[in-house]
Amino acid sequence: MTTSFPDAGIDLRELLSFYADAGVDEALGEEPADRFAEAAKARASADAAAVERPSPPAPTPRENSQPATGSVPPSPAAPRATTPPPAMAVPDQAQAAAARELARSVGTLEELRAAMASFDGCNLKFTAKNLVFADGNPQADLMLVGEAPGRDEDIQGLPFVGRSGKLLDRMLAAIGLDRNSAYIANVIPWRPPGNRTPTPHETEICRPFIERQIELVNPKVLVNLGGPSAKTLLNTTEGILRLRGNWREHVTPSGMPIPAMPTLHPAYLLRTPAHKRLAWRDFLEVKTRLRSLQG
């Protein structure tokens, strides 16, 4: 039997399913905990304990007197300090520059995948289980780009495989396509901890990789799934509800223009099903554009 909350009319099974899709994979307390601050405090306490030594006894008059030769007695040895463990690097412009240089140096998608797997300049890599590179057909005319992997994507190493992915599959099927006739990727290839929003620094570090990926695939049409993807790849600050349904242009680093359609992210549509009709209109526009370019 399914348990419900009588006051709110909430189905417990649906609530737990929502939490799982949102990336909740462990029980938490009512108050947020800053794990980085706790780790820093623990390191500081350990360092303080390591250098703490008993104070030397007060010198006796005999010890305090100077020898006839005027020599000074040796002072007690200084306490030995311990070196704290290295902290995780903070993303900076140097890492973004390194990512741009690495992305420029590759000539195939396989080389790009290997380069991203070896790249250590983004902290998200160290908390994710897998690199989520892409799925689908790299020879396809259509490429779709979301923001970042979720829990299911991180586990499987593939983009859009959870509930959002199942809805995306149905959206593609509605215009006669599937994962064999489309190519799917994300701006961020590593899952942010707890499905949090990627920081601007993290996005800037990962941007060269997705831009190079788009350039190597060279699709006829690009679909930006959600606001973060549209803002990053179309260099705009407009919200997705203003952007969606209007053709824009993504320009690759080499200057190649690709028609782009911003639309609503499947995860948003799961939360706001009334807006599925808007995404349906956008996908019909994509279908029409693909047919015109193929003809």
# chains A, B, ... in the order shown; residues from 1 in each chain; ligands from 1
call {"tool": "residues_around", "arguments": {"residues": "Ile205 in chain A", "least_positions_apart": "3", "cutoff": "9 Å", "atoms": "only C-alpha atoms", "output": "ChimeraX atom specification"}}
result
/A:91-93,95-100,121-122,200-202,208-209
call {"tool": "write_last_selection", "arguments": {"atoms": "N, CA and C atoms", "output": "JSON list (two decimals), in the first residue's frame"}}
result
[["chain", "number", "residue", "atom", "x", "y", "z"],
["A", 91, "PRO", "N", 39.62, 26.56, -8.76],
["A", 91, "PRO", "CA", 39.64, 26.86, -10.20],
["A", 91, "PRO", "C", 40.06, 28.29, -10.46],
["A", 92, "ASP", "N", 40.88, 28.51, -11.45],
["A", 92, "ASP", "CA", 41.30, 29.86, -11.79],
["A", 92, "ASP", "C", 41.46, 29.99, -13.30],
["A", 93, "GLN", "N", 41.87, 31.18, -13.73],
["A", 93, "GLN", "CA", 41.98, 31.45, -15.16],
["A", 93, "GLN", "C", 43.06, 30.61, -15.81],
["A", 95, "GLN", "N", 43.71, 27.49, -15.26],
["A", 95, "GLN", "CA", 43.14, 26.19, -15.61],
["A", 95, "GLN", "C", 42.22, 26.31, -16.83],
["A", 96, "ALA", "N", 41.49, 27.43, -16.92],
["A", 96, "ALA", "CA", 40.65, 27.65, -18.11],
["A", 96, "ALA", "C", 41.52, 27.79, -19.35],
["A", 97, "ALA", "N", 42.65, 28.47, -19.21],
["A", 97, "ALA", "CA", 43.57, 28.62, -20.35],
["A", 97, "ALA", "C", 44.16, 27.27, -20.74],
["A", 98, "ALA", "N", 44.47, 26.45, -19.75],
["A", 98, "ALA", "CA", 45.01, 25.11, -20.04],
["A", 98, "ALA", "C", 43.97, 24.27, -20.77],
["A", 99, "ALA", "N", 42.70, 24.40, -20.37],
["A", 99, "ALA", "CA", 41.62, 23.66, -21.04],
["A", 99, "ALA", "C", 41.48, 24.11, -22.49],
["A", 100, "ARG", "N", 41.58, 25.42, -22.73],
["A", 100, "ARG", "CA", 41.48, 25.92, -24.11],
["A", 100, "ARG", "C", 42.61, 25.39, -24.97],
["A", 121, "GLY", "N", 42.24, 19.84, -14.21],
["A", 121, "GLY", "CA", 42.08, 21.25, -13.85],
["A", 121, "GLY", "C", 40.71, 21.63, -13.34],
["A", 122, "CYS", "N", 39.76, 20.68, -13.31],
["A", 122, "CYS", "CA", 38.41, 20.97, -12.81],
["A", 122, "CYS", "C", 38.14, 20.10, -11.59],
["A", 200, "PRO", "N", 30.46, 29.55, -12.03],
["A", 200, "PRO", "CA", 30.95, 30.17, -13.27],
["A", 200, "PRO", "C", 32.36, 29.73, -13.64],
["A", 201, "HIS", "N", 33.25, 29.56, -12.63],
["A", 201, "HIS", "CA", 34.63, 29.11, -12.91],
["A", 201, "HIS", "C", 34.62, 27.71, -13.51],
["A", 202, "GLU", "N", 33.82, 26.82, -12.94],
["A", 202, "GLU", "CA", 33.76, 25.45, -13.45],
["A", 202, "GLU", "C", 33.21, 25.43, -14.88],
["A", 208, "PRO", "N", 35.67, 25.17, -23.17],
["A", 208, "PRO", "CA", 36.45, 24.83, -24.37],
["A", 208, "PRO", "C", 36.22, 23.40, -24.86],
["A", 209, "PHE", "N", 35.95, 22.48, -23.92],
["A", 209, "PHE", "CA", 35.76, 21.09, -24.31],
["A", 209, "PHE", "C", 34.46, 20.89, -25.09]]
call {"tool": "residues_around", "arguments": {"residues": "Asn180 in chain A", "least_positions_apart": "5", "cutoff": "12 Å", "atoms": "only C-alpha atoms", "output": "list in words"}}
result
Asp135, Gly136, Asn137, Pro138, Gln139, Ala140, Asp141, Leu142, Met143, Asp169, Leu172 and Ala173 of chain A
call {"tool": "write_last_selection", "arguments": {"atoms": "C-alpha atoms", "output": "PDB file, in the first residue's frame"}}
result
ATOM      1  CA  ASP A 135      25.893   9.397 -26.360  1.00  0.00           C
ATOM      2  CA  GLY A 136      24.355   8.816 -29.771  1.00  0.00           C
ATOM      3  CA  ASN A 137      25.663   9.131 -33.305  1.00  0.00           C
ATOM      4  CA  PRO A 138      28.514  11.628 -33.907  1.00  0.00           C
ATOM      5  CA  GLN A 139      27.608  11.610 -37.610  1.00  0.00           C
ATOM      6  CA  ALA A 140      24.063  12.838 -36.894  1.00  0.00           C
ATOM      7  CA  ASP A 141      22.701  16.127 -38.211  1.00  0.00           C
ATOM      8  CA  LEU A 142      21.272  17.009 -34.781  1.00  0.00           C
ATOM      9  CA  MET A 143      23.266  17.625 -31.594  1.00  0.00           C
ATOM     10  CA  ASP A 169      13.825  10.007 -25.851  1.00  0.00           C
ATOM     11  CA  LEU A 172      12.994  12.837 -30.079  1.00  0.00           C
ATOM     12  CA  ALA A 173      10.631  10.033 -31.074  1.00  0.00           C
TER      13      ALA A 173
END
call {"tool": "closest_residue", "arguments": {"among": "A:Ala94, A:Ile188, A:Met171, A:Ala134", "to": "Arg277 in chain A", "atoms": "only C-alpha atoms"}}
result
A:Met171
call {"tool": "closest_residue", "arguments": {"among": "A:Tyr268, A:Phe283, A:Phe126, A:Phe119", "to": "Pro193 in chain A", "atoms": "only C-alpha atoms"}}
result
A:Phe126
call {"tool": "select_by_dssp", "arguments": {"residues": "range 137-262 of chain A", "states": "strand (DSSP E)", "output": "list in words"}}
result
Leu142, Met143, Leu144, Val145, Gly146, Tyr183, Ile184, Ala185, Asn186, Val221, Leu222, Val223, Asn224, Leu225, Arg248, Glu249, His250, Val251, Pro257, Ile258, Pro259, Ala260, Met261 and Pro262 of chain A
call {"tool": "write_last_selection", "arguments": {"atoms": "C-alpha atoms", "output": "mmCIF file, in the first residue's frame"}}
result
data_model
loop_
_atom_site.group_PDB
_atom_site.id
_atom_site.type_symbol
_atom_site.label_atom_id
_atom_site.label_comp_id
_atom_site.auth_asym_id
_atom_site.auth_seq_id
_atom_site.Cartn_x
_atom_site.Cartn_y
_atom_site.Cartn_z
ATOM 1 C CA LEU A 142 21.272 17.009 -34.781
ATOM 2 C CA MET A 143 23.266 17.625 -31.594
ATOM 3 C CA LEU A 144 21.639 18.303 -28.205
ATOM 4 C CA VAL A 145 23.558 19.844 -25.295
ATOM 5 C CA GLY A 146 22.374 19.952 -21.677
ATOM 6 C CA TYR A 183 24.226 13.173 -30.664
ATOM 7 C CA ILE A 184 23.857 14.162 -26.995
ATOM 8 C CA ALA A 185 26.347 15.839 -24.650
ATOM 9 C CA ASN A 186 26.575 18.305 -21.732
ATOM 10 C CA VAL A 221 21.341 21.923 -36.013
ATOM 11 C CA LEU A 222 22.183 22.432 -32.337
ATOM 12 C CA VAL A 223 19.559 22.230 -29.582
ATOM 13 C CA ASN A 224 20.346 23.869 -26.235
ATOM 14 C CA LEU A 225 18.482 21.995 -23.510
ATOM 15 C CA ARG A 248 19.943 31.681 -32.599
ATOM 16 C CA GLU A 249 23.453 30.977 -33.841
ATOM 17 C CA HIS A 250 26.299 29.205 -32.129
ATOM 18 C CA VAL A 251 29.694 30.192 -33.532
ATOM 19 C CA PRO A 257 28.110 29.233 -37.500
ATOM 20 C CA ILE A 258 25.561 26.579 -36.518
ATOM 21 C CA PRO A 259 21.819 27.287 -36.188
ATOM 22 C CA ALA A 260 20.739 26.717 -32.587
ATOM 23 C CA MET A 261 17.334 26.277 -30.984
ATOM 24 C CA PRO A 262 17.143 26.942 -27.231
#
call {"tool": "atom_distance", "arguments": {"atom1": "CA of Lys166 in chain A", "atom2": "CA of Leu243 in chain A"}}
result
24.0 Å
call {"tool": "select_by_dssp", "arguments": {"residues": "range 197-256 of chain A", "states": "helix (DSSP H, G or I)", "output": "MDAnalysis selection string"}}
result
chainID A and resid 200:217 227:234 240:243
call {"tool": "atom_distance", "arguments": {"atom1": "CA of Phe160 in chain A", "atom2": "CA of Arg242 in chain A"}}
result
24.1 Å
call {"tool": "atom_distance", "arguments": {"atom1": "CA of Leu290 in chain A", "atom2": "CA of Glu211 in chain A"}}
result
21.1 Å
call {"tool": "residues_around", "arguments": {"residues": "Thr232 in chain A", "least_positions_apart": "3", "cutoff": "9 Å", "atoms": "only C-alpha atoms", "output": "PDB file with N, CA and C atoms, in the first residue's frame"}}
result
ATOM      1  N   VAL A 187      27.380  20.536 -21.278  1.00  0.00           N
ATOM      2  CA  VAL A 187      28.410  21.561 -21.115  1.00  0.00           C
ATOM      3  C   VAL A 187      29.438  21.100 -20.092  1.00  0.00           C
ATOM      4  N   THR A 203      32.212  26.251 -15.126  1.00  0.00           N
ATOM      5  CA  THR A 203      31.645  26.320 -16.476  1.00  0.00           C
ATOM      6  C   THR A 203      32.669  26.853 -17.467  1.00  0.00           C
ATOM      7  N   GLU A 204      33.424  27.871 -17.053  1.00  0.00           N
ATOM      8  CA  GLU A 204      34.421  28.464 -17.950  1.00  0.00           C
ATOM      9  C   GLU A 204      35.548  27.483 -18.252  1.00  0.00           C
ATOM     10  N   ARG A 207      34.000  24.921 -20.738  1.00  0.00           N
ATOM     11  CA  ARG A 207      33.486  25.471 -21.999  1.00  0.00           C
ATOM     12  C   ARG A 207      34.330  25.083 -23.217  1.00  0.00           C
ATOM     13  N   GLY A 227      18.407  26.659 -19.809  1.00  0.00           N
ATOM     14  CA  GLY A 227      19.035  27.962 -19.768  1.00  0.00           C
ATOM     15  C   GLY A 227      20.551  27.949 -19.671  1.00  0.00           C
ATOM     16  N   PRO A 228      21.161  27.153 -18.773  1.00  0.00           N
ATOM     17  CA  PRO A 228      22.625  27.166 -18.663  1.00  0.00           C
ATOM     18  C   PRO A 228      23.328  26.820 -19.969  1.00  0.00           C
ATOM     19  N   SER A 229      22.830  25.820 -20.689  1.00  0.00           N
ATOM     20  CA  SER A 229      23.434  25.462 -21.971  1.00  0.00           C
ATOM     21  C   SER A 229      23.301  26.607 -22.966  1.00  0.00           C
ATOM     22  N   ASN A 235      26.256  32.785 -25.620  1.00  0.00           N
ATOM     23  CA  ASN A 235      26.802  34.039 -25.068  1.00  0.00           C
ATOM     24  C   ASN A 235      25.701  35.077 -24.823  1.00  0.00           C
ATOM     25  N   THR A 236      24.729  34.676 -24.016  1.00  0.00           N
ATOM     26  CA  THR A 236      23.622  35.562 -23.707  1.00  0.00           C
ATOM     27  C   THR A 236      23.296  35.476 -22.227  1.00  0.00           C
ATOM     28  N   THR A 237      22.608  36.490 -21.715  1.00  0.00           N
ATOM     29  CA  THR A 237      22.164  36.482 -20.324  1.00  0.00           C
ATOM     30  C   THR A 237      20.643  36.360 -20.227  1.00  0.00           C
TER      31      THR A 237
END
call {"tool": "closest_residue", "arguments": {"among": "A:Pro159, A:Arg291, A:Arg212, A:Leu264", "to": "Leu109 in chain A", "atoms": "only C-alpha atoms"}}
result
A:Arg212
call {"tool": "closest_residue", "arguments": {"among": "A:Val106, A:Ile175, A:Ile240, A:Ala230", "to": "Arg289 in chain A", "atoms": "only C-alpha atoms"}}
result
A:Ile175
call {"tool": "decode", "arguments": {"residues": "range 157-197 of chain A", "atoms": "C-alpha atoms", "output": "compact mmCIF listing (two decimals), in the first residue's frame"}}
result
# COMPACT_ATOMS: atom_id res chain seq x y z
CA GLY A 157 28.84 7.49 -17.74
CA LEU A 158 26.21 8.51 -20.31
CA PRO A 159 24.13 11.71 -20.62
CA PHE A 160 20.35 11.76 -20.15
CA VAL A 161 19.69 8.22 -18.92
CA GLY A 162 17.45 8.99 -15.92
CA ARG A 163 13.87 10.22 -15.92
CA SER A 164 14.88 13.33 -17.89
CA GLY A 165 16.56 11.10 -20.45
CA LYS A 166 13.48 8.96 -20.89
CA LEU A 167 11.42 12.09 -21.53
CA LEU A 168 14.05 13.33 -24.00
CA ASP A 169 13.83 10.01 -25.85
CA ARG A 170 10.07 10.49 -26.18
CA MET A 171 10.59 14.07 -27.41
CA LEU A 172 12.99 12.84 -30.08
CA ALA A 173 10.63 10.03 -31.07
CA ALA A 174 7.86 12.60 -31.55
CA ILE A 175 9.83 14.13 -34.44
CA GLY A 176 10.98 10.80 -35.86
CA LEU A 177 14.43 10.62 -34.25
CA ASP A 178 16.23 8.56 -31.62
CA ARG A 179 19.72 8.22 -30.13
CA ASN A 180 20.97 6.66 -33.35
CA SER A 181 20.00 9.79 -35.28
CA ALA A 182 21.12 12.39 -32.72
CA TYR A 183 24.23 13.17 -30.66
CA ILE A 184 23.86 14.16 -27.00
CA ALA A 185 26.35 15.84 -24.65
CA ASN A 186 26.57 18.30 -21.73
CA VAL A 187 28.41 21.56 -21.11
CA ILE A 188 29.83 20.06 -17.89
CA PRO A 189 31.11 16.46 -18.29
CA TRP A 190 31.35 15.68 -14.53
CA ARG A 191 28.47 15.58 -12.07
CA PRO A 192 28.56 18.44 -9.50
CA PRO A 193 28.26 17.08 -5.93
CA GLY A 194 24.63 16.75 -4.89
CA ASN A 195 23.53 18.00 -8.33
CA ARG A 196 24.39 21.56 -7.31
CA THR A 197 24.64 24.27 -9.95
